[in-house]
Amino acid sequence: MRTILALVCWVLLSTTAWAKSDLVSTITLMPWDFAGPTAVESELPKAGINHVTLYIPWIDVEPEAGKFRFEKFDAMIDRLKAKGLSVILVLDFGGRKYFNDDGSQSGHTVLPAWYVSQHSDTLMRDFSGGSTFQISFFDSAARKLIDRFIDNAVQHLAQRHGQSVLGFALGFQEEHEIKFGQEGYRWRDYSDKSKAAFQSRYGQPMPVLNYNNEIGQARPRMEPLLTAHRLFREAQLRDATCHYAGLIRRQKQQVVGYFGETLTSHDAIYATGIVEELADCIDIVVIDFNFYDGYSLQPSPYTLPLLASYLASSGYRKILVGAYAERWAQQGKGAALVAHIKKTIETSLKNPAVIGFEIGGLQKVVSATHSGVVDFSALQRLQIDNTRTPAPAKRQKIGVFASKSNFYFWHGERSHNRNIHQDALVQAYAVLSERPELDVAVIGERNLRDVAQLRRTFEAIVVPHQAALPESVKLQLKAYWAACGILIQDLRLGEFRDDGYPTGDWLHEVFGIQTLQWQRQAGSFIYQGKSIGLDLGGRAYANHAVLEARPGFQLLAKAVAPLPDGRLNRLRRWIFGNPPAVASQNQGLILRGPRSLVFGCLPQLAAGASAPVWRQIFAQEILALLAPS
């Protein structure tokens, strides 16, 4: 889980690289950073930092009901302004743990003590009935008190500090995650008002759902109310977000929204689809990645660029990418992450909607209960090149589809110790975005709603391993194909509905699939006259599916017939090689139609010596389908 330890963040950039840049480079400072021996506000401009993110906890601003105090924050902002630094101010009224000004844990949250004691009935309940420290979105009395906090904070800070304030961020938490989601797996909101609203809308009690499906089991738990529950909770969050955003905009200030890593299945971020529904309420959005998949450290440099692309396709025009290193720093490996942070930021900056970045977590670790101060020495090797190289004039634009429903259903996916859905998505994006001929954009379900616009924008849509899809999404993809768009999948498009019921259909008619047979072992295929082995290294629920082609569809990689085992046969294969005989003239791994392409495997995740070959095949077959006939 992300903790406040993740929020102390610094970056040391070359002075010349950022001296004339309009890009936002921001860090987060906490009160104890200002109390240290180093005048941090003097050091930041030297490091190329031009913004600081400060948290404005409700407990500090309104320690007594109706009495507001801003002296501490005014003093910090004044010190920053004196050195030419601007600020992002997070109005913190969620359930985050509160740290004292010396960095020690207080045992409280950011909610004022008077609020908790006098208005405990407004707090959310978890599915066990226990009270949380997140205020229920349904409670009108609570909203009035939050409104008062926001109005007073924005009015004072905007008037006092003027143009030095870039924007105000909403700091409340929910598992959909606008900012924090650190209190464990306590699914919310199961307050009486929330449960009554769900019962009224759907005619059934609010369910407690099992999100931990693993596709490797091949029999996911079917959840009839899963989609209804997701949409209900997203509607709550959207209503609250847009309401509070309206208060900030009313005072002519920009609204900042923070999202934790989405299109994944960890960190208690369940209803990720809300990302696609808030672009009209948020002026500047921050998307973060802490190089951790919920189980192990992940140095993936393409996750943040992918997420930035997804946000841009969802309608956000000003995006900050957040590269956080707290998980690595806690294991003493923060310095090893620097090269990956550099690459992920520089790749993200190629997206014109990305206006800057935030880096965090490279700090001195004091203890589990005490947050450390900035560690400059850990950042000496980080030099960000902000040069934006013009893209080639002629590129073919393709969409890589990432379904919020798919990732919501496969929450907790960990088949063979990996989140194979996320891996397939990230690597598909990585392989294709490296091709200079392609302009790749990650799109979501929102983009599919207007098929005509979709067809005008994209020459092709690639669907990487989206196994659980609403029937409406499959129909929209089919409509795009019917409108003469090119449709591509690597494996298992919509084999399950978004509530877990199996369909057994990967849009077989579109992709020319007559039958398929799953193979758990590595296989061999004849591709362009050469035999190529395929192995996913035992890190997938199945190695591949052998596809039988329908009439009119081309088989591009024919399956080599299984060979009998035994010492004599192994000796023959060692001397003479595998024979070119195929299992059937119509069975193989890749099927191509006039405007369709399907792989019976995940070529971007192939392992072993042939892995680069399969990634090349993945890209070249897509390019071949895009080429004019």
# chains A, B, ... in the order shown; residues from 1 in each chain; ligands from 1
>>> closest_atom_pairs(of="range 134-229 of chain A", to="range 75-92 of chain A", cutoff="9 Å", atoms="only C-alpha atoms", output="JSON lines")
{"residue": "A:Phe149", "atom": "CA", "partner": "A:Leu91", "partner_atom": "CA", "distance": 8.7}
{"residue": "A:Ile150", "atom": "CA", "partner": "A:Leu91", "partner_atom": "CA", "distance": 7.1}
{"residue": "A:Ala153", "atom": "CA", "partner": "A:Leu91", "partner_atom": "CA", "distance": 7.9}
{"residue": "A:Val154", "atom": "CA", "partner": "A:Leu91", "partner_atom": "CA", "distance": 8.8}
{"residue": "A:Leu157", "atom": "CA", "partner": "A:Leu89", "partner_atom": "CA", "distance": 8.9}
{"residue": "A:His161", "atom": "CA", "partner": "A:Ile77", "partner_atom": "CA", "distance": 7.8}
{"residue": "A:Gln163", "atom": "CA", "partner": "A:Ser86", "partner_atom": "CA", "distance": 7.9}
{"residue": "A:Ser164", "atom": "CA", "partner": "A:Ser86", "partner_atom": "CA", "distance": 4.5}
{"residue": "A:Val165", "atom": "CA", "partner": "A:Val87", "partner_atom": "CA", "distance": 5.0}
{"residue": "A:Leu166", "atom": "CA", "partner": "A:Ile88", "partner_atom": "CA", "distance": 5.5}
{"residue": "A:Gly167", "atom": "CA", "partner": "A:Ile88", "partner_atom": "CA", "distance": 5.3}
{"residue": "A:Phe168", "atom": "CA", "partner": "A:Leu89", "partner_atom": "CA", "distance": 4.9}
{"residue": "A:Ala169", "atom": "CA", "partner": "A:Val90", "partner_atom": "CA", "distance": 4.4}
{"residue": "A:Leu170", "atom": "CA", "partner": "A:Leu91", "partner_atom": "CA", "distance": 5.5}
{"residue": "A:Gly171", "atom": "CA", "partner": "A:Asp92", "partner_atom": "CA", "distance": 4.3}
{"residue": "A:Phe172", "atom": "CA", "partner": "A:Asp92", "partner_atom": "CA", "distance": 6.2}
>>> write_last_selection(atoms="all heavy atoms", output="CSV table (one decimal), in the first residue's frame")
chain,number,residue,atom,x,y,z
A,149,PHE,N,-14.7,23.7,4.5
A,149,PHE,CA,-13.3,23.6,4.5
A,149,PHE,C,-12.7,24.0,3.1
A,149,PHE,O,-11.7,24.8,3.1
A,149,PHE,CB,-12.9,22.1,4.8
A,149,PHE,CG,-11.5,21.7,4.5
A,149,PHE,CD1,-10.4,22.4,5.0
A,149,PHE,CD2,-11.2,20.7,3.6
A,149,PHE,CE1,-9.1,22.0,4.7
A,149,PHE,CE2,-9.9,20.3,3.3
A,149,PHE,CZ,-8.8,21.0,3.8
A,150,ILE,N,-13.2,23.4,2.0
A,150,ILE,CA,-12.7,23.7,0.7
A,150,ILE,C,-12.8,25.2,0.4
A,150,ILE,O,-11.9,25.9,-0.1
A,150,ILE,CB,-13.4,22.9,-0.3
A,150,ILE,CG1,-13.0,21.4,-0.2
A,150,ILE,CG2,-13.0,23.3,-1.8
A,150,ILE,CD1,-13.7,20.4,-1.1
A,153,ALA,N,-10.3,27.2,2.5
A,153,ALA,CA,-8.9,27.0,2.1
A,153,ALA,C,-8.6,27.6,0.7
A,153,ALA,O,-7.6,28.3,0.6
A,153,ALA,CB,-8.7,25.5,2.1
A,154,VAL,N,-9.4,27.4,-0.3
A,154,VAL,CA,-9.2,27.9,-1.6
A,154,VAL,C,-9.2,29.4,-1.6
A,154,VAL,O,-8.3,30.1,-2.2
A,154,VAL,CB,-10.2,27.3,-2.6
A,154,VAL,CG1,-10.0,28.0,-4.0
A,154,VAL,CG2,-10.0,25.8,-2.7
A,157,LEU,N,-5.9,30.7,0.4
A,157,LEU,CA,-4.6,30.4,-0.2
A,157,LEU,C,-4.5,31.0,-1.6
A,157,LEU,O,-3.4,31.4,-2.0
A,157,LEU,CB,-4.4,28.9,-0.3
A,157,LEU,CG,-4.3,28.2,1.1
A,157,LEU,CD1,-4.5,26.7,1.0
A,157,LEU,CD2,-3.0,28.6,1.7
A,161,HIS,N,-1.7,33.8,-2.2
A,161,HIS,CA,-0.5,33.4,-2.9
A,161,HIS,C,-0.7,33.5,-4.5
A,161,HIS,O,0.3,33.2,-5.2
A,161,HIS,CB,-0.1,32.0,-2.5
A,161,HIS,CG,0.2,31.9,-1.1
A,161,HIS,ND1,1.3,32.4,-0.5
A,161,HIS,CD2,-0.6,31.3,-0.1
A,161,HIS,CE1,1.3,32.2,0.8
A,161,HIS,NE2,0.2,31.5,1.1
A,163,GLN,N,-0.8,33.8,-8.3
A,163,GLN,CA,-0.3,33.0,-9.4
A,163,GLN,C,0.7,31.9,-9.0
A,163,GLN,O,1.1,31.1,-9.9
A,163,GLN,CB,0.3,34.0,-10.5
A,163,GLN,CG,-0.6,35.0,-11.1
A,163,GLN,CD,-1.8,34.3,-11.8
A,163,GLN,OE1,-1.6,33.3,-12.6
A,163,GLN,NE2,-3.0,34.7,-11.5
A,164,SER,N,1.1,31.9,-7.8
A,164,SER,CA,2.1,30.9,-7.4
A,164,SER,C,1.4,29.6,-7.2
A,164,SER,O,2.1,28.5,-7.0
A,164,SER,CB,2.8,31.3,-6.1
A,164,SER,OG,3.6,32.4,-6.3
A,165,VAL,N,0.1,29.6,-7.2
A,165,VAL,CA,-0.7,28.3,-7.0
A,165,VAL,C,-1.1,27.8,-8.4
A,165,VAL,O,-1.9,28.4,-9.1
A,165,VAL,CB,-2.0,28.5,-6.1
A,165,VAL,CG1,-2.7,27.2,-6.0
A,165,VAL,CG2,-1.6,29.1,-4.8
A,166,LEU,N,-0.5,26.6,-8.7
A,166,LEU,CA,-0.9,26.0,-10.0
A,166,LEU,C,-2.3,25.4,-10.0
A,166,LEU,O,-3.0,25.5,-10.9
A,166,LEU,CB,0.1,24.9,-10.4
A,166,LEU,CG,-0.1,24.1,-11.7
A,166,LEU,CD1,0.0,25.1,-12.9
A,166,LEU,CD2,0.8,23.0,-11.8
A,167,GLY,N,-2.6,24.8,-8.9
A,167,GLY,CA,-4.0,24.2,-8.7
A,167,GLY,C,-4.2,23.6,-7.4
A,167,GLY,O,-3.2,23.4,-6.6
A,168,PHE,N,-5.4,23.2,-7.1
A,168,PHE,CA,-5.8,22.6,-5.9
A,168,PHE,C,-6.2,21.1,-6.2
A,168,PHE,O,-7.1,20.9,-7.0
A,168,PHE,CB,-6.9,23.3,-5.2
A,168,PHE,CG,-6.6,24.7,-4.6
A,168,PHE,CD1,-6.6,25.8,-5.4
A,168,PHE,CD2,-6.1,24.8,-3.3
A,168,PHE,CE1,-6.3,27.0,-4.9
A,168,PHE,CE2,-5.8,26.0,-2.8
A,168,PHE,CZ,-5.8,27.2,-3.6
A,169,ALA,N,-5.6,20.2,-5.5
A,169,ALA,CA,-5.9,18.8,-5.7
A,169,ALA,C,-6.9,18.3,-4.6
A,169,ALA,O,-6.9,18.7,-3.5
A,169,ALA,CB,-4.7,17.9,-5.6
A,170,LEU,N,-7.8,17.4,-5.0
A,170,LEU,CA,-8.8,16.8,-4.1
A,170,LEU,C,-8.1,15.6,-3.5
A,170,LEU,O,-7.7,14.6,-4.2
A,170,LEU,CB,-10.0,16.3,-4.9
A,170,LEU,CG,-10.8,17.5,-5.6
A,170,LEU,CD1,-11.9,16.9,-6.5
A,170,LEU,CD2,-11.4,18.4,-4.5
A,171,GLY,N,-8.0,15.6,-2.2
A,171,GLY,CA,-7.3,14.6,-1.4
A,171,GLY,C,-8.1,13.6,-0.7
A,171,GLY,O,-7.7,13.0,0.3
A,172,PHE,N,-9.3,13.3,-1.1
A,172,PHE,CA,-10.1,12.3,-0.4
A,172,PHE,C,-9.8,10.9,-1.0
A,172,PHE,O,-9.3,10.8,-2.2
A,172,PHE,CB,-11.6,12.6,-0.5
A,172,PHE,CG,-12.2,12.6,-1.9
A,172,PHE,CD1,-12.8,11.5,-2.4
A,172,PHE,CD2,-12.2,13.8,-2.6
A,172,PHE,CE1,-13.4,11.5,-3.7
A,172,PHE,CE2,-12.7,13.8,-3.9
A,172,PHE,CZ,-13.4,12.7,-4.4
>>> residues_around(residues="Gln204 in chain A", least_positions_apart="6", cutoff="10 Å", atoms="only C-alpha atoms", output="PyMOL selection string")
chain A and resi 195-196+198+225
>>> residues_around(residues="Val426 in chain A", least_positions_apart="3", cutoff="8 Å", atoms="only C-alpha atoms", output="JSON list (two decimals) with C-alpha atoms, in the first residue's frame")
[["chain", "number", "residue", "atom", "x", "y", "z"],
["A", 302, "TYR", "CA", 6.56, 1.54, -20.25],
["A", 303, "THR", "CA", 3.80, 1.49, -17.64],
["A", 306, "LEU", "CA", 0.95, 3.65, -21.33],
["A", 422, "GLN", "CA", -1.30, -6.31, -17.41],
["A", 423, "ASP", "CA", 1.88, -7.88, -18.77],
["A", 429, "TYR", "CA", 2.17, -1.20, -26.09],
["A", 430, "ALA", "CA", 5.96, -1.36, -25.70]]
>>> atom_distance(atom1="CA of Asp126 in chain A", atom2="CA of Thr262 in chain A")
22.1 Å
>>> select_by_dssp(residues="range 278-521 of chain A", states="strand (DSSP E)", output="PyMOL selection string")
chain A and resi 284-289+319-324+354-360+396-401+438-443+460-463+486-489+513-519
>>> select_by_dssp(residues="range 41-113 of chain A", states="alpha helix (DSSP H)", output="PDB file with N, CA and C atoms, in the first residue's frame")
ATOM      1  N   GLU A  41      14.302  25.139  -0.018  1.00  0.00           N
ATOM      2  CA  GLU A  41      13.808  26.022  -1.063  1.00  0.00           C
ATOM      3  C   GLU A  41      14.941  26.617  -1.886  1.00  0.00           C
ATOM      4  N   SER A  42      16.137  26.666  -1.327  1.00  0.00           N
ATOM      5  CA  SER A  42      17.297  27.170  -2.072  1.00  0.00           C
ATOM      6  C   SER A  42      17.889  26.091  -2.965  1.00  0.00           C
ATOM      7  N   GLU A  43      17.772  24.854  -2.542  1.00  0.00           N
ATOM      8  CA  GLU A  43      18.352  23.756  -3.295  1.00  0.00           C
ATOM      9  C   GLU A  43      17.486  23.346  -4.489  1.00  0.00           C
ATOM     10  N   LEU A  44      16.194  23.528  -4.380  1.00  0.00           N
ATOM     11  CA  LEU A  44      15.301  23.031  -5.431  1.00  0.00           C
ATOM     12  C   LEU A  44      15.549  23.673  -6.794  1.00  0.00           C
ATOM     13  N   PRO A  45      15.635  25.000  -6.898  1.00  0.00           N
ATOM     14  CA  PRO A  45      15.890  25.583  -8.228  1.00  0.00           C
ATOM     15  C   PRO A  45      17.194  25.108  -8.841  1.00  0.00           C
ATOM     16  N   LYS A  46      18.209  24.870  -8.000  1.00  0.00           N
ATOM     17  CA  LYS A  46      19.468  24.367  -8.521  1.00  0.00           C
ATOM     18  C   LYS A  46      19.291  22.988  -9.150  1.00  0.00           C
ATOM     19  N   TRP A  58      -6.967  18.780   6.672  1.00  0.00           N
ATOM     20  CA  TRP A  58      -8.121  19.397   7.315  1.00  0.00           C
ATOM     21  C   TRP A  58      -7.868  19.561   8.812  1.00  0.00           C
ATOM     22  N   ILE A  59      -7.222  18.578   9.441  1.00  0.00           N
ATOM     23  CA  ILE A  59      -6.983  18.619  10.876  1.00  0.00           C
ATOM     24  C   ILE A  59      -6.130  19.819  11.274  1.00  0.00           C
ATOM     25  N   ASP A  60      -5.238  20.281  10.384  1.00  0.00           N
ATOM     26  CA  ASP A  60      -4.407  21.449  10.662  1.00  0.00           C
ATOM     27  C   ASP A  60      -5.153  22.751  10.408  1.00  0.00           C
ATOM     28  N   VAL A  61      -5.961  22.754   9.363  1.00  0.00           N
ATOM     29  CA  VAL A  61      -6.628  23.987   8.953  1.00  0.00           C
ATOM     30  C   VAL A  61      -7.799  24.335   9.861  1.00  0.00           C
ATOM     31  N   GLU A  71      -1.454  29.753   9.087  1.00  0.00           N
ATOM     32  CA  GLU A  71      -0.136  30.353   9.292  1.00  0.00           C
ATOM     33  C   GLU A  71       1.002  29.404   8.892  1.00  0.00           C
ATOM     34  N   LYS A  72       0.875  28.144   9.283  1.00  0.00           N
ATOM     35  CA  LYS A  72       1.954  27.193   8.990  1.00  0.00           C
ATOM     36  C   LYS A  72       2.172  27.051   7.490  1.00  0.00           C
ATOM     37  N   PHE A  73       1.081  26.992   6.741  1.00  0.00           N
ATOM     38  CA  PHE A  73       1.185  26.786   5.289  1.00  0.00           C
ATOM     39  C   PHE A  73       1.609  28.067   4.580  1.00  0.00           C
ATOM     40  N   ASP A  74       1.132  29.208   5.067  1.00  0.00           N
ATOM     41  CA  ASP A  74       1.571  30.481   4.481  1.00  0.00           C
ATOM     42  C   ASP A  74       3.078  30.636   4.604  1.00  0.00           C
ATOM     43  N   ALA A  75       3.615  30.261   5.764  1.00  0.00           N
ATOM     44  CA  ALA A  75       5.053  30.402   5.982  1.00  0.00           C
ATOM     45  C   ALA A  75       5.846  29.516   5.026  1.00  0.00           C
ATOM     46  N   MET A  76       5.398  28.288   4.819  1.00  0.00           N
ATOM     47  CA  MET A  76       6.101  27.390   3.902  1.00  0.00           C
ATOM     48  C   MET A  76       6.013  27.907   2.473  1.00  0.00           C
ATOM     49  N   ILE A  77       4.826  28.325   2.059  1.00  0.00           N
ATOM     50  CA  ILE A  77       4.648  28.806   0.682  1.00  0.00           C
ATOM     51  C   ILE A  77       5.451  30.079   0.451  1.00  0.00           C
ATOM     52  N   ASP A  78       5.503  30.955   1.450  1.00  0.00           N
ATOM     53  CA  ASP A  78       6.290  32.190   1.308  1.00  0.00           C
ATOM     54  C   ASP A  78       7.764  31.868   1.080  1.00  0.00           C
ATOM     55  N   ARG A  79       8.278  30.887   1.775  1.00  0.00           N
ATOM     56  CA  ARG A  79       9.683  30.496   1.582  1.00  0.00           C
ATOM     57  C   ARG A  79       9.903  29.988   0.158  1.00  0.00           C
ATOM     58  N   LEU A  80       8.963  29.243  -0.367  1.00  0.00           N
ATOM     59  CA  LEU A  80       9.093  28.717  -1.724  1.00  0.00           C
ATOM     60  C   LEU A  80       8.971  29.828  -2.760  1.00  0.00           C
ATOM     61  N   LYS A  81       7.995  30.697  -2.565  1.00  0.00           N
ATOM     62  CA  LYS A  81       7.782  31.800  -3.510  1.00  0.00           C
ATOM     63  C   LYS A  81       9.018  32.692  -3.609  1.00  0.00           C
ATOM     64  N   ALA A 113     -10.349  16.045  15.019  1.00  0.00           N
ATOM     65  CA  ALA A 113     -10.881  15.252  16.125  1.00  0.00           C
ATOM     66  C   ALA A 113     -12.343  15.598  16.386  1.00  0.00           C
TER      67      ALA A 113
END
>>> residues_around(residues="Gln528 in chain A", least_positions_apart="6", cutoff="12 Å", atoms="only C-alpha atoms", output="compact mmCIF listing (two decimals) with N, CA and C atoms, in the first residue's frame")
# COMPACT_ATOMS: atom_id res chain seq x y z
N LEU A 555 -3.94 -19.04 -43.00
CA LEU A 555 -3.20 -19.59 -41.86
C LEU A 555 -1.73 -19.23 -42.04
N LEU A 556 -1.17 -18.45 -41.09
CA LEU A 556 0.17 -17.92 -41.27
C LEU A 556 1.25 -18.69 -40.52
N ALA A 557 0.89 -19.45 -39.53
CA ALA A 557 1.87 -20.24 -38.78
C ALA A 557 1.25 -21.59 -38.51
N LYS A 558 1.66 -22.61 -39.27
CA LYS A 558 1.06 -23.93 -39.16
C LYS A 558 1.68 -24.70 -38.00
N PRO A 580 8.70 -31.25 -40.99
CA PRO A 580 7.80 -30.13 -41.29
C PRO A 580 6.33 -30.51 -41.34
N ILE A 590 -1.68 -18.47 -36.19
CA ILE A 590 -2.04 -17.11 -36.61
C ILE A 590 -3.02 -17.19 -37.77
N ILE A 617 7.52 -10.93 -35.06
CA ILE A 617 6.36 -11.44 -35.82
C ILE A 617 5.10 -10.67 -35.44
N GLU A 621 3.41 -8.64 -38.56
CA GLU A 621 2.11 -9.06 -39.08
C GLU A 621 1.07 -7.95 -38.96
>>> residues_around(residues="Lys404 in chain A", least_positions_apart="3", cutoff="10 Å", atoms="only C-alpha atoms", output="ChimeraX atom specification")
/A:262-264,270-276,401,407-409,444-446,466,468-469,498
>>> write_last_selection(atoms="N, CA, C and O atoms", output="tab-separated table (two decimals), in the first residue's frame")
chain	number	residue	atom	x	y	z
A	262	THR	N	-3.53	2.43	-12.63
A	262	THR	CA	-4.76	1.74	-13.01
A	262	THR	C	-4.44	0.72	-14.11
A	262	THR	O	-3.29	0.54	-14.46
A	263	LEU	N	-5.45	0.02	-14.60
A	263	LEU	CA	-5.26	-1.07	-15.56
A	263	LEU	C	-4.34	-2.13	-14.96
A	263	LEU	O	-3.43	-2.64	-15.62
A	264	THR	N	-4.58	-2.45	-13.72
A	264	THR	CA	-3.80	-3.45	-13.02
A	264	THR	C	-4.72	-4.13	-12.03
A	264	THR	O	-5.93	-4.00	-12.11
A	270	TYR	N	-9.86	-0.89	-7.10
A	270	TYR	CA	-10.73	-1.83	-7.80
A	270	TYR	C	-11.45	-1.18	-8.99
A	270	TYR	O	-11.34	-1.61	-10.12
A	271	ALA	N	-12.24	-0.15	-8.71
A	271	ALA	CA	-13.10	0.38	-9.76
A	271	ALA	C	-12.36	1.40	-10.60
A	271	ALA	O	-12.61	2.60	-10.55
A	272	THR	N	-11.44	0.92	-11.38
A	272	THR	CA	-10.54	1.81	-12.11
A	272	THR	C	-11.22	2.56	-13.24
A	272	THR	O	-10.68	3.51	-13.77
A	273	GLY	N	-12.39	2.12	-13.65
A	273	GLY	CA	-13.04	2.76	-14.79
A	273	GLY	C	-13.43	4.19	-14.56
A	273	GLY	O	-13.73	4.91	-15.52
A	274	ILE	N	-13.43	4.66	-13.31
A	274	ILE	CA	-13.79	6.05	-13.05
A	274	ILE	C	-12.81	7.01	-13.71
A	274	ILE	O	-13.15	8.16	-13.97
A	275	VAL	N	-11.62	6.55	-14.01
A	275	VAL	CA	-10.63	7.39	-14.69
A	275	VAL	C	-11.21	7.95	-15.98
A	275	VAL	O	-10.99	9.12	-16.33
A	276	GLU	N	-11.98	7.15	-16.69
A	276	GLU	CA	-12.50	7.57	-17.99
A	276	GLU	C	-13.66	8.55	-17.88
A	276	GLU	O	-14.07	9.11	-18.90
A	401	PHE	N	-6.43	-1.35	-27.09
A	401	PHE	CA	-7.62	-1.28	-26.24
A	401	PHE	C	-7.35	-1.88	-24.87
A	401	PHE	O	-6.86	-3.01	-24.75
A	407	PHE	N	-10.05	-5.46	-16.35
A	407	PHE	CA	-9.15	-5.35	-15.21
A	407	PHE	C	-9.91	-5.32	-13.89
A	407	PHE	O	-9.39	-5.72	-12.85
A	408	TYR	N	-11.11	-4.85	-13.91
A	408	TYR	CA	-11.93	-4.88	-12.71
A	408	TYR	C	-12.28	-6.33	-12.36
A	408	TYR	O	-12.18	-6.75	-11.21
A	409	PHE	N	-12.68	-7.11	-13.36
A	409	PHE	CA	-13.05	-8.50	-13.09
A	409	PHE	C	-11.86	-9.33	-12.63
A	409	PHE	O	-11.97	-10.16	-11.73
A	444	GLY	N	-9.77	3.35	-24.10
A	444	GLY	CA	-10.62	2.64	-23.16
A	444	GLY	C	-12.02	2.46	-23.69
A	444	GLY	O	-12.33	2.79	-24.84
A	445	GLU	N	-12.89	1.97	-22.84
A	445	GLU	CA	-14.27	1.71	-23.25
A	445	GLU	C	-15.00	2.98	-23.67
A	445	GLU	O	-15.87	2.95	-24.54
A	446	ARG	N	-14.65	4.10	-23.07
A	446	ARG	CA	-15.27	5.37	-23.43
A	446	ARG	C	-15.06	5.68	-24.91
A	446	ARG	O	-15.95	6.20	-25.59
A	466	GLN	N	-7.79	-9.27	-23.47
A	466	GLN	CA	-8.90	-8.74	-22.68
A	466	GLN	C	-9.96	-9.85	-22.61
A	466	GLN	O	-10.86	-9.93	-23.44
A	468	ALA	N	-12.27	-10.68	-20.23
A	468	ALA	CA	-13.61	-10.46	-19.68
A	468	ALA	C	-14.14	-9.13	-20.18
A	468	ALA	O	-13.65	-8.07	-19.79
A	469	LEU	N	-15.12	-9.18	-21.07
A	469	LEU	CA	-15.66	-7.96	-21.67
A	469	LEU	C	-17.18	-7.97	-21.63
A	469	LEU	O	-17.80	-9.02	-21.79
A	498	ASP	N	-18.29	-9.68	-18.48
A	498	ASP	CA	-17.68	-8.92	-17.39
A	498	ASP	C	-18.19	-9.32	-16.01
A	498	ASP	O	-17.70	-8.81	-15.01
>>> residues_around(residues="Gln517 in chain A", least_positions_apart="4", cutoff="7 Å", atoms="only C-alpha atoms", output="JSON, numbers by chain")
{"A": [545, 546, 547]}
